[in-house]
file model.cif (mmCIF, N, CA, C and O atoms)
data_my_file
loop_
_atom_site.group_PDB
_atom_site.id
_atom_site.type_symbol
_atom_site.label_atom_id
_atom_site.label_comp_id
_atom_site.auth_asym_id
_atom_site.auth_seq_id
_atom_site.Cartn_x
_atom_site.Cartn_y
_atom_site.Cartn_z
ATOM 1 N N MET A 1 -10.406 72.812 83.369
ATOM 2 C CA MET A 1 -10.099 72.412 82.023
ATOM 3 C C MET A 1 -11.373 72.420 81.190
ATOM 4 O O MET A 1 -12.444 72.087 81.655
ATOM 5 N N SER A 2 -11.263 72.799 79.944
ATOM 6 C CA SER A 2 -12.399 72.912 79.051
ATOM 7 C C SER A 2 -12.902 71.540 78.622
ATOM 8 O O SER A 2 -12.146 70.571 78.561
ATOM 9 N N SER A 3 -14.195 71.489 78.301
ATOM 10 C CA SER A 3 -14.767 70.226 77.833
ATOM 11 C C SER A 3 -14.488 70.005 76.344
ATOM 12 O O SER A 3 -14.793 68.960 75.811
ATOM 13 N N TYR A 4 -13.939 71.036 75.689
ATOM 14 C CA TYR A 4 -13.599 70.911 74.273
ATOM 15 C C TYR A 4 -12.179 70.413 74.140
ATOM 16 O O TYR A 4 -11.279 70.866 74.834
ATOM 17 N N GLU A 5 -12.008 69.495 73.243
ATOM 18 C CA GLU A 5 -10.673 68.994 72.973
ATOM 19 C C GLU A 5 -10.284 69.371 71.561
ATOM 20 O O GLU A 5 -11.106 69.349 70.662
ATOM 21 N N VAL A 6 -9.042 69.703 71.403
ATOM 22 C CA VAL A 6 -8.531 70.020 70.080
ATOM 23 C C VAL A 6 -7.951 68.739 69.520
ATOM 24 O O VAL A 6 -7.134 68.086 70.147
ATOM 25 N N LYS A 7 -8.417 68.400 68.315
ATOM 26 C CA LYS A 7 -7.873 67.202 67.685
ATOM 27 C C LYS A 7 -7.529 67.550 66.251
ATOM 28 O O LYS A 7 -8.134 68.447 65.647
ATOM 29 N N PRO A 8 -6.607 66.872 65.705
ATOM 30 C CA PRO A 8 -6.226 67.143 64.328
ATOM 31 C C PRO A 8 -7.377 66.792 63.372
ATOM 32 O O PRO A 8 -8.155 65.894 63.619
ATOM 33 N N VAL A 9 -7.453 67.550 62.295
ATOM 34 C CA VAL A 9 -8.486 67.328 61.281
ATOM 35 C C VAL A 9 -7.782 66.882 60.009
ATOM 36 O O VAL A 9 -6.817 67.501 59.575
ATOM 37 N N SER A 10 -8.324 65.835 59.431
ATOM 38 C CA SER A 10 -7.720 65.344 58.196
ATOM 39 C C SER A 10 -8.060 66.286 57.052
ATOM 40 O O SER A 10 -8.979 67.099 57.134
ATOM 41 N N ALA A 11 -7.344 66.169 55.987
ATOM 42 C CA ALA A 11 -7.580 67.002 54.808
ATOM 43 C C ALA A 11 -8.980 66.770 54.255
ATOM 44 O O ALA A 11 -9.653 67.709 53.826
ATOM 45 N N GLU A 12 -9.448 65.528 54.298
ATOM 46 C CA GLU A 12 -10.781 65.194 53.803
ATOM 47 C C GLU A 12 -11.858 65.841 54.675
ATOM 48 O O GLU A 12 -12.848 66.383 54.170
ATOM 49 N N GLU A 13 -11.656 65.799 56.004
ATOM 50 C CA GLU A 13 -12.623 66.419 56.915
ATOM 51 C C GLU A 13 -12.648 67.939 56.727
ATOM 52 O O GLU A 13 -13.710 68.548 56.699
ATOM 53 N N LEU A 14 -11.477 68.521 56.592
ATOM 54 C CA LEU A 14 -11.387 69.950 56.391
ATOM 55 C C LEU A 14 -12.061 70.342 55.071
ATOM 56 O O LEU A 14 -12.809 71.321 55.010
ATOM 57 N N ASP A 15 -11.826 69.561 54.044
ATOM 58 C CA ASP A 15 -12.455 69.818 52.748
ATOM 59 C C ASP A 15 -13.978 69.734 52.857
ATOM 60 O O ASP A 15 -14.690 70.571 52.311
ATOM 61 N N ALA A 16 -14.481 68.741 53.591
ATOM 62 C CA ALA A 16 -15.922 68.585 53.774
ATOM 63 C C ALA A 16 -16.498 69.775 54.545
ATOM 64 O O ALA A 16 -17.579 70.288 54.211
ATOM 65 N N ILE A 17 -15.795 70.244 55.565
ATOM 66 C CA ILE A 17 -16.248 71.396 56.348
ATOM 67 C C ILE A 17 -16.292 72.646 55.467
ATOM 68 O O ILE A 17 -17.256 73.414 55.495
ATOM 69 N N VAL A 18 -15.247 72.845 54.669
ATOM 70 C CA VAL A 18 -15.187 74.012 53.779
ATOM 71 C C VAL A 18 -16.309 73.946 52.751
ATOM 72 O O VAL A 18 -16.996 74.946 52.494
ATOM 73 N N ARG A 19 -16.521 72.783 52.166
ATOM 74 C CA ARG A 19 -17.591 72.627 51.172
ATOM 75 C C ARG A 19 -18.965 72.891 51.785
ATOM 76 O O ARG A 19 -19.820 73.538 51.172
ATOM 77 N N ALA A 20 -19.184 72.394 52.983
ATOM 78 C CA ALA A 20 -20.462 72.632 53.663
ATOM 79 C C ALA A 20 -20.648 74.127 53.930
ATOM 80 O O ALA A 20 -21.751 74.672 53.747
ATOM 81 N N GLY A 21 -19.600 74.794 54.348
ATOM 82 C CA GLY A 21 -19.668 76.232 54.578
ATOM 83 C C GLY A 21 -19.943 77.003 53.293
ATOM 84 O O GLY A 21 -20.750 77.943 53.281
ATOM 85 N N GLN A 22 -19.291 76.603 52.216
ATOM 86 C CA GLN A 22 -19.522 77.260 50.925
ATOM 87 C C GLN A 22 -20.944 77.022 50.432
ATOM 88 O O GLN A 22 -21.582 77.930 49.896
ATOM 89 N N ALA A 23 -21.450 75.818 50.620
ATOM 90 C CA ALA A 23 -22.818 75.514 50.198
ATOM 91 C C ALA A 23 -23.821 76.360 50.988
ATOM 92 O O ALA A 23 -24.783 76.895 50.422
ATOM 93 N N GLU A 24 -23.597 76.494 52.288
ATOM 94 C CA GLU A 24 -24.481 77.320 53.110
ATOM 95 C C GLU A 24 -24.407 78.784 52.698
ATOM 96 O O GLU A 24 -25.430 79.465 52.593
ATOM 97 N N ARG A 25 -23.206 79.275 52.451
ATOM 98 C CA ARG A 25 -23.030 80.653 51.991
ATOM 99 C C ARG A 25 -23.755 80.868 50.666
ATOM 100 O O ARG A 25 -24.475 81.848 50.495
ATOM 101 N N ASP A 26 -23.594 79.943 49.726
ATOM 102 C CA ASP A 26 -24.251 80.049 48.420
ATOM 103 C C ASP A 26 -25.773 80.043 48.566
ATOM 104 O O ASP A 26 -26.471 80.809 47.900
ATOM 105 N N ARG A 27 -26.288 79.209 49.463
ATOM 106 C CA ARG A 27 -27.726 79.146 49.698
ATOM 107 C C ARG A 27 -28.237 80.481 50.250
ATOM 108 O O ARG A 27 -29.251 81.016 49.790
ATOM 109 N N GLN A 28 -27.515 81.047 51.195
ATOM 110 C CA GLN A 28 -27.927 82.328 51.774
ATOM 111 C C GLN A 28 -27.847 83.458 50.744
ATOM 112 O O GLN A 28 -28.707 84.348 50.728
ATOM 113 N N ILE A 29 -26.845 83.429 49.893
ATOM 114 C CA ILE A 29 -26.730 84.443 48.841
ATOM 115 C C ILE A 29 -27.906 84.330 47.877
ATOM 116 O O ILE A 29 -28.516 85.338 47.509
ATOM 117 N N ARG A 30 -28.238 83.103 47.460
ATOM 118 C CA ARG A 30 -29.382 82.902 46.561
ATOM 119 C C ARG A 30 -30.672 83.406 47.201
ATOM 120 O O ARG A 30 -31.474 84.087 46.557
ATOM 121 N N GLU A 31 -30.884 83.081 48.472
ATOM 122 C CA GLU A 31 -32.084 83.551 49.163
ATOM 123 C C GLU A 31 -32.113 85.074 49.236
ATOM 124 O O GLU A 31 -33.164 85.689 49.077
ATOM 125 N N GLY A 32 -30.973 85.683 49.475
ATOM 126 C CA GLY A 32 -30.897 87.143 49.519
ATOM 127 C C GLY A 32 -31.224 87.765 48.178
ATOM 128 O O GLY A 32 -31.929 88.782 48.109
ATOM 129 N N ILE A 33 -30.721 87.173 47.111
ATOM 130 C CA ILE A 33 -31.004 87.676 45.761
ATOM 131 C C ILE A 33 -32.490 87.552 45.452
ATOM 132 O O ILE A 33 -33.102 88.472 44.900
ATOM 133 N N VAL A 34 -33.087 86.434 45.815
ATOM 134 C CA VAL A 34 -34.526 86.235 45.565
ATOM 135 C C VAL A 34 -35.342 87.249 46.354
ATOM 136 O O VAL A 34 -36.276 87.859 45.822
ATOM 137 N N ARG A 35 -34.982 87.463 47.630
ATOM 138 C CA ARG A 35 -35.710 88.454 48.436
ATOM 139 C C ARG A 35 -35.574 89.846 47.835
ATOM 140 O O ARG A 35 -36.546 90.602 47.765
ATOM 141 N N ALA A 36 -34.376 90.200 47.393
ATOM 142 C CA ALA A 36 -34.152 91.518 46.793
ATOM 143 C C ALA A 36 -34.949 91.660 45.498
ATOM 144 O O ALA A 36 -35.558 92.710 45.247
ATOM 145 N N ALA A 37 -34.966 90.623 44.674
ATOM 146 C CA ALA A 37 -35.711 90.674 43.414
ATOM 147 C C ALA A 37 -37.203 90.840 43.683
ATOM 148 O O ALA A 37 -37.883 91.607 42.993
ATOM 149 N N ARG A 38 -37.721 90.150 44.693
ATOM 150 C CA ARG A 38 -39.137 90.285 45.038
ATOM 151 C C ARG A 38 -39.436 91.696 45.529
ATOM 152 O O ARG A 38 -40.475 92.271 45.195
ATOM 153 N N ALA A 39 -38.534 92.249 46.321
ATOM 154 C CA ALA A 39 -38.737 93.614 46.825
ATOM 155 C C ALA A 39 -38.725 94.627 45.686
ATOM 156 O O ALA A 39 -39.550 95.544 45.655
ATOM 157 N N VAL A 40 -37.814 94.458 44.744
ATOM 158 C CA VAL A 40 -37.745 95.367 43.599
ATOM 159 C C VAL A 40 -39.011 95.238 42.754
ATOM 160 O O VAL A 40 -39.590 96.239 42.318
ATOM 161 N N ALA A 41 -39.452 94.011 42.525
ATOM 162 C CA ALA A 41 -40.681 93.799 41.742
ATOM 163 C C ALA A 41 -41.877 94.435 42.436
ATOM 164 O O ALA A 41 -42.713 95.074 41.791
ATOM 165 N N LYS A 42 -41.967 94.288 43.760
ATOM 166 C CA LYS A 42 -43.064 94.899 44.503
ATOM 167 C C LYS A 42 -42.999 96.416 44.398
ATOM 168 O O LYS A 42 -44.024 97.085 44.226
ATOM 169 N N PHE A 43 -41.804 96.976 44.482
ATOM 170 C CA PHE A 43 -41.624 98.417 44.349
ATOM 171 C C PHE A 43 -42.135 98.889 42.989
ATOM 172 O O PHE A 43 -42.884 99.858 42.913
ATOM 173 N N PHE A 44 -41.747 98.210 41.921
ATOM 174 C CA PHE A 44 -42.178 98.622 40.589
ATOM 175 C C PHE A 44 -43.681 98.453 40.397
ATOM 176 O O PHE A 44 -44.322 99.271 39.730
ATOM 177 N N ARG A 45 -44.270 97.411 40.983
ATOM 178 C CA ARG A 45 -45.728 97.263 40.910
ATOM 179 C C ARG A 45 -46.417 98.416 41.634
ATOM 180 O O ARG A 45 -47.412 98.963 41.148
ATOM 181 N N THR A 46 -45.885 98.795 42.789
ATOM 182 C CA THR A 46 -46.456 99.907 43.554
ATOM 183 C C THR A 46 -46.338 101.213 42.785
ATOM 184 O O THR A 46 -47.292 101.989 42.705
ATOM 185 N N VAL A 47 -45.168 101.449 42.200
ATOM 186 C CA VAL A 47 -44.958 102.667 41.411
ATOM 187 C C VAL A 47 -45.874 102.672 40.191
ATOM 188 O O VAL A 47 -46.504 103.693 39.878
ATOM 189 N N ALA A 48 -45.979 101.558 39.523
ATOM 190 C CA ALA A 48 -46.845 101.474 38.339
ATOM 191 C C ALA A 48 -48.299 101.746 38.714
ATOM 192 O O ALA A 48 -49.006 102.456 37.995
ATOM 193 N N ALA A 49 -48.749 101.213 39.836
ATOM 194 C CA ALA A 49 -50.122 101.452 40.269
ATOM 195 C C ALA A 49 -50.333 102.925 40.597
ATOM 196 O O ALA A 49 -51.367 103.508 40.236
ATOM 197 N N ALA A 50 -49.362 103.543 41.244
ATOM 198 C CA ALA A 50 -49.480 104.963 41.592
ATOM 199 C C ALA A 50 -49.495 105.830 40.341
ATOM 200 O O ALA A 50 -50.290 106.780 40.242
ATOM 201 N N VAL A 51 -48.649 105.520 39.381
ATOM 202 C CA VAL A 51 -48.618 106.287 38.130
ATOM 203 C C VAL A 51 -49.935 106.110 37.386
ATOM 204 O O VAL A 51 -50.493 107.072 36.852
ATOM 205 N N SER A 52 -50.449 104.901 37.359
ATOM 206 C CA SER A 52 -51.715 104.630 36.684
ATOM 207 C C SER A 52 -52.855 105.416 37.336
ATOM 208 O O SER A 52 -53.683 106.015 36.646
ATOM 209 N N GLU A 53 -52.880 105.430 38.672
ATOM 210 C CA GLU A 53 -53.921 106.181 39.376
ATOM 211 C C GLU A 53 -53.789 107.676 39.105
ATOM 212 O O GLU A 53 -54.793 108.362 38.899
ATOM 213 N N ALA A 54 -52.573 108.184 39.115
ATOM 214 C CA ALA A 54 -52.354 109.609 38.850
ATOM 215 C C ALA A 54 -52.767 109.961 37.425
ATOM 216 O O ALA A 54 -53.392 111.008 37.187
ATOM 217 N N TYR A 55 -52.437 109.108 36.474
ATOM 218 C CA TYR A 55 -52.826 109.336 35.083
ATOM 219 C C TYR A 55 -54.343 109.365 34.952
ATOM 220 O O TYR A 55 -54.907 110.244 34.289
ATOM 221 N N GLU A 56 -55.006 108.412 35.582
ATOM 222 C CA GLU A 56 -56.469 108.344 35.489
ATOM 223 C C GLU A 56 -57.104 109.574 36.134
ATOM 224 O O GLU A 56 -58.059 110.140 35.591
ATOM 225 N N ALA A 57 -56.605 110.003 37.270
ATOM 226 C CA ALA A 57 -57.141 111.203 37.927
ATOM 227 C C ALA A 57 -56.939 112.436 37.043
ATOM 228 O O ALA A 57 -57.845 113.275 36.913
ATOM 229 N N GLU A 58 -55.772 112.566 36.440
ATOM 230 C CA GLU A 58 -55.495 113.700 35.551
ATOM 231 C C GLU A 58 -56.392 113.657 34.309
ATOM 232 O O GLU A 58 -56.894 114.673 33.857
ATOM 233 N N ARG A 59 -56.613 112.462 33.784
ATOM 234 C CA ARG A 59 -57.473 112.308 32.616
ATOM 235 C C ARG A 59 -58.900 112.755 32.945
ATOM 236 O O ARG A 59 -59.522 113.501 32.185
ATOM 237 N N LYS A 60 -59.396 112.334 34.098
ATOM 238 C CA LYS A 60 -60.749 112.724 34.505
ATOM 239 C C LYS A 60 -60.827 114.230 34.732
ATOM 240 O O LYS A 60 -61.818 114.870 34.355
ATOM 241 N N ARG A 61 -59.802 114.808 35.364
ATOM 242 C CA ARG A 61 -59.800 116.242 35.613
ATOM 243 C C ARG A 61 -59.800 117.012 34.294
ATOM 244 O O ARG A 61 -60.577 117.951 34.105
ATOM 245 N N THR A 62 -58.961 116.608 33.363
ATOM 246 C CA THR A 62 -58.872 117.269 32.066
ATOM 247 C C THR A 62 -60.184 117.132 31.299
ATOM 248 O O THR A 62 -60.658 118.086 30.674
ATOM 249 N N GLU A 63 -60.762 115.949 31.363
ATOM 250 C CA GLU A 63 -62.045 115.716 30.685
ATOM 251 C C GLU A 63 -63.129 116.631 31.264
ATOM 252 O O GLU A 63 -63.912 117.241 30.525
ATOM 253 N N ALA A 64 -63.166 116.760 32.584
ATOM 254 C CA ALA A 64 -64.163 117.622 33.228
ATOM 255 C C ALA A 64 -63.942 119.081 32.839
ATOM 256 O O ALA A 64 -64.909 119.816 32.573
ATOM 257 N N GLN A 65 -62.692 119.508 32.792
ATOM 258 C CA GLN A 65 -62.399 120.887 32.393
ATOM 259 C C GLN A 65 -62.826 121.143 30.948
ATOM 260 O O GLN A 65 -63.409 122.184 30.637
ATOM 261 N N ALA A 66 -62.550 120.197 30.071
ATOM 262 C CA ALA A 66 -62.926 120.349 28.659
ATOM 263 C C ALA A 66 -64.431 120.394 28.523
ATOM 264 O O ALA A 66 -64.977 121.211 27.758
ATOM 265 N N ARG A 67 -65.130 119.554 29.268
ATOM 266 C CA ARG A 67 -66.596 119.528 29.202
ATOM 267 C C ARG A 67 -67.166 120.869 29.679
ATOM 268 O O ARG A 67 -68.061 121.434 29.044
ATOM 269 N N THR A 68 -66.610 121.393 30.773
ATOM 270 C CA THR A 68 -67.068 122.685 31.290
ATOM 271 C C THR A 68 -66.788 123.803 30.301
ATOM 272 O O THR A 68 -67.633 124.681 30.068
ATOM 273 N N ALA A 69 -65.634 123.793 29.693
ATOM 274 C CA ALA A 69 -65.285 124.819 28.704
ATOM 275 C C ALA A 69 -66.210 124.748 27.504
ATOM 276 O O ALA A 69 -66.645 125.786 26.975
ATOM 277 N N MET A 70 -66.533 123.555 27.052
ATOM 278 C CA MET A 70 -67.426 123.408 25.897
ATOM 279 C C MET A 70 -68.836 123.886 26.241
ATOM 280 O O MET A 70 -69.488 124.518 25.426
ATOM 281 N N ARG A 71 -69.298 123.574 27.454
ATOM 282 C CA ARG A 71 -70.628 124.047 27.868
ATOM 283 C C ARG A 71 -70.670 125.580 27.857
ATOM 284 O O ARG A 71 -71.638 126.169 27.410
ATOM 285 N N GLY A 72 -69.604 126.179 28.381
ATOM 286 C CA GLY A 72 -69.529 127.643 28.393
ATOM 287 C C GLY A 72 -69.494 128.212 26.981
ATOM 288 O O GLY A 72 -70.144 129.223 26.690
ATOM 289 N N HIS A 73 -68.779 127.553 26.127
ATOM 290 C CA HIS A 73 -68.671 127.997 24.729
ATOM 291 C C HIS A 73 -70.037 127.919 24.055
ATOM 292 O O HIS A 73 -70.463 128.852 23.357
ATOM 293 N N TRP A 74 -70.718 126.785 24.200
ATOM 294 C CA TRP A 74 -72.012 126.628 23.552
ATOM 295 C C TRP A 74 -73.088 127.510 24.189
ATOM 296 O O TRP A 74 -73.986 128.021 23.509
ATOM 297 N N ALA A 75 -72.984 127.713 25.492
ATOM 298 C CA ALA A 75 -73.984 128.544 26.169
ATOM 299 C C ALA A 75 -73.855 130.008 25.782
ATOM 300 O O ALA A 75 -74.843 130.730 25.744
ATOM 301 N N SER A 76 -72.639 130.451 25.477
ATOM 302 C CA SER A 76 -72.449 131.854 25.122
ATOM 303 C C SER A 76 -72.838 132.124 23.678
ATOM 304 O O SER A 76 -72.897 133.280 23.262
ATOM 305 N N GLY A 77 -73.077 131.084 22.908
ATOM 306 C CA GLY A 77 -73.501 131.245 21.524
ATOM 307 C C GLY A 77 -72.369 131.518 20.563
ATOM 308 O O GLY A 77 -72.591 131.934 19.437
ATOM 309 N N ASP A 78 -71.136 131.278 20.959
ATOM 310 C CA ASP A 78 -69.975 131.511 20.074
ATOM 311 C C ASP A 78 -69.878 130.488 18.989
ATOM 312 O O ASP A 78 -70.168 129.413 18.972
#
call {"tool": "encode", "arguments": {"input": "model.cif", "output": "C-alpha coordinates"}}
result
Amino acid sequence: MSSYEVKPVSAEELDAIVRAGQAERDRQIREGIVRAARAVAKFFRTVAAAVSEAYEAERKRTEAQARTAMRGHWASGD
(Lines of atoms letter the chains of each structure in order from A and count residues from 1; the text may use other names and numbers.)
(Lines give C-alpha, C1' and ligand atoms only; values in the text may rest on other atoms or scores of the structure.)
Protein backbone atom coordinates (compact mmCIF):
# COMPACT_ATOMS: atom_id res chain seq x y z
CA MET A 1 0.00 0.00 0.00
CA SER A 2 1.21 3.50 -0.82
CA SER A 3 2.30 5.96 1.84
CA TYR A 4 0.20 8.63 0.11
CA GLU A 5 -3.36 9.02 1.13
CA VAL A 6 -6.03 10.66 -0.91
CA LYS A 7 -8.13 13.06 1.08
CA PRO A 8 -10.77 15.49 0.03
CA VAL A 9 -9.70 19.09 -0.51
CA SER A 10 -11.92 21.93 0.49
CA ALA A 11 -12.78 24.68 -1.95
CA GLU A 12 -10.65 27.12 0.07
CA GLU A 13 -7.63 24.79 -0.03
CA LEU A 14 -8.06 24.20 -3.74
CA ASP A 15 -8.35 27.94 -4.33
CA ALA A 16 -5.16 28.54 -2.32
CA ILE A 17 -3.30 25.86 -4.32
CA VAL A 18 -4.49 27.35 -7.62
CA ARG A 19 -3.52 30.87 -6.54
CA ALA A 20 -0.07 29.70 -5.45
CA GLY A 21 0.40 27.96 -8.80
CA GLN A 22 -0.71 31.05 -10.70
CA ALA A 23 1.61 33.27 -8.66
CA GLU A 24 4.55 30.95 -9.39
CA ARG A 25 3.67 30.86 -13.09
CA ASP A 26 3.43 34.67 -13.19
CA ARG A 27 6.80 34.99 -11.43
CA GLN A 28 8.46 32.64 -13.93
CA ILE A 29 6.90 34.50 -16.87
CA ARG A 30 8.17 37.84 -15.52
CA GLU A 31 11.66 36.40 -15.04
CA GLY A 32 11.58 35.02 -18.58
CA ILE A 33 10.55 38.39 -20.00
CA VAL A 34 13.33 40.15 -18.08
CA ARG A 35 15.92 37.62 -19.30
CA ALA A 36 14.70 38.01 -22.89
CA ALA A 37 14.77 41.82 -22.65
CA ARG A 38 18.34 41.71 -21.31
CA ALA A 39 19.39 39.38 -24.12
CA VAL A 40 17.84 41.64 -26.75
CA ALA A 41 19.50 44.71 -25.22
CA LYS A 42 22.86 42.93 -25.19
CA PHE A 43 22.36 41.93 -28.83
CA PHE A 44 21.65 45.52 -29.86
CA ARG A 45 24.65 46.82 -27.89
CA THR A 46 26.86 44.25 -29.64
CA VAL A 47 25.45 45.16 -33.05
CA ALA A 48 25.84 48.87 -32.35
CA ALA A 49 29.46 48.38 -31.31
CA ALA A 50 30.19 46.34 -34.45
CA VAL A 51 28.56 48.94 -36.71
CA SER A 52 30.48 51.71 -34.96
CA GLU A 53 33.78 49.85 -35.41
CA ALA A 54 33.02 49.15 -39.08
CA TYR A 55 32.11 52.80 -39.66
CA GLU A 56 35.32 53.99 -38.01
CA ALA A 57 37.45 51.55 -40.03
CA GLU A 58 35.77 52.67 -43.27
CA ARG A 59 36.24 56.32 -42.33
CA LYS A 60 39.95 55.79 -41.72
CA ARG A 61 40.33 53.83 -44.96
CA THR A 62 38.54 56.53 -46.97
CA GLU A 63 40.58 59.25 -45.30
CA ALA A 64 43.83 57.43 -46.14
CA GLN A 65 42.75 56.97 -49.75
CA ALA A 66 41.84 60.65 -50.07
CA ARG A 67 45.15 61.70 -48.54
CA THR A 68 47.06 59.45 -50.96
CA ALA A 69 45.09 60.77 -53.93
CA MET A 70 45.75 64.37 -52.92
CA ARG A 71 49.48 63.70 -52.51
CA GLY A 72 49.54 62.20 -56.00
CA HIS A 73 47.61 65.14 -57.38
CA TRP A 74 49.92 67.71 -55.80
CA ALA A 75 53.06 65.77 -56.66
CA SER A 76 52.13 65.58 -60.34
CA GLY A 77 51.72 69.35 -60.46
CA ASP A 78 48.10 69.28 -61.66
call {"tool": "atom_distance", "arguments": {"input": "model.cif", "atom1": "CA of Ala75 (chain A)", "atom2": "CA of Glu63 (chain A)"}}
result
18.1 Å
call {"tool": "select_by_dssp", "arguments": {"input": "model.cif", "residues": "chain A", "states": "helix (DSSP H, G or I)", "output": "PyMOL selection string"}}
result
chain A and resi 11-76
call {"tool": "atom_distance", "arguments": {"input": "model.cif", "atom1": "atom N of Ala54 (chain A)", "atom2": "CA of Arg35 (chain A)"}}
result
27.6 Å
call {"tool": "axis_aligned_box", "arguments": {"input": "model.cif", "around": "region 54-70 of chain A", "padding_each_side": "4 Å", "output": "lines of an AutoDock Vina configuration file"}}
result
center_x = -60.9
center_y = 117.0
center_z = 32.3
size_x = 25.1
size_y = 25.6
size_z = 21.7
call {"tool": "atom_distance", "arguments": {"input": "model.cif", "atom1": "atom C of Ala39 (chain A)", "atom2": "atom O of Gln22 (chain A)"}}
result
24.3 Å
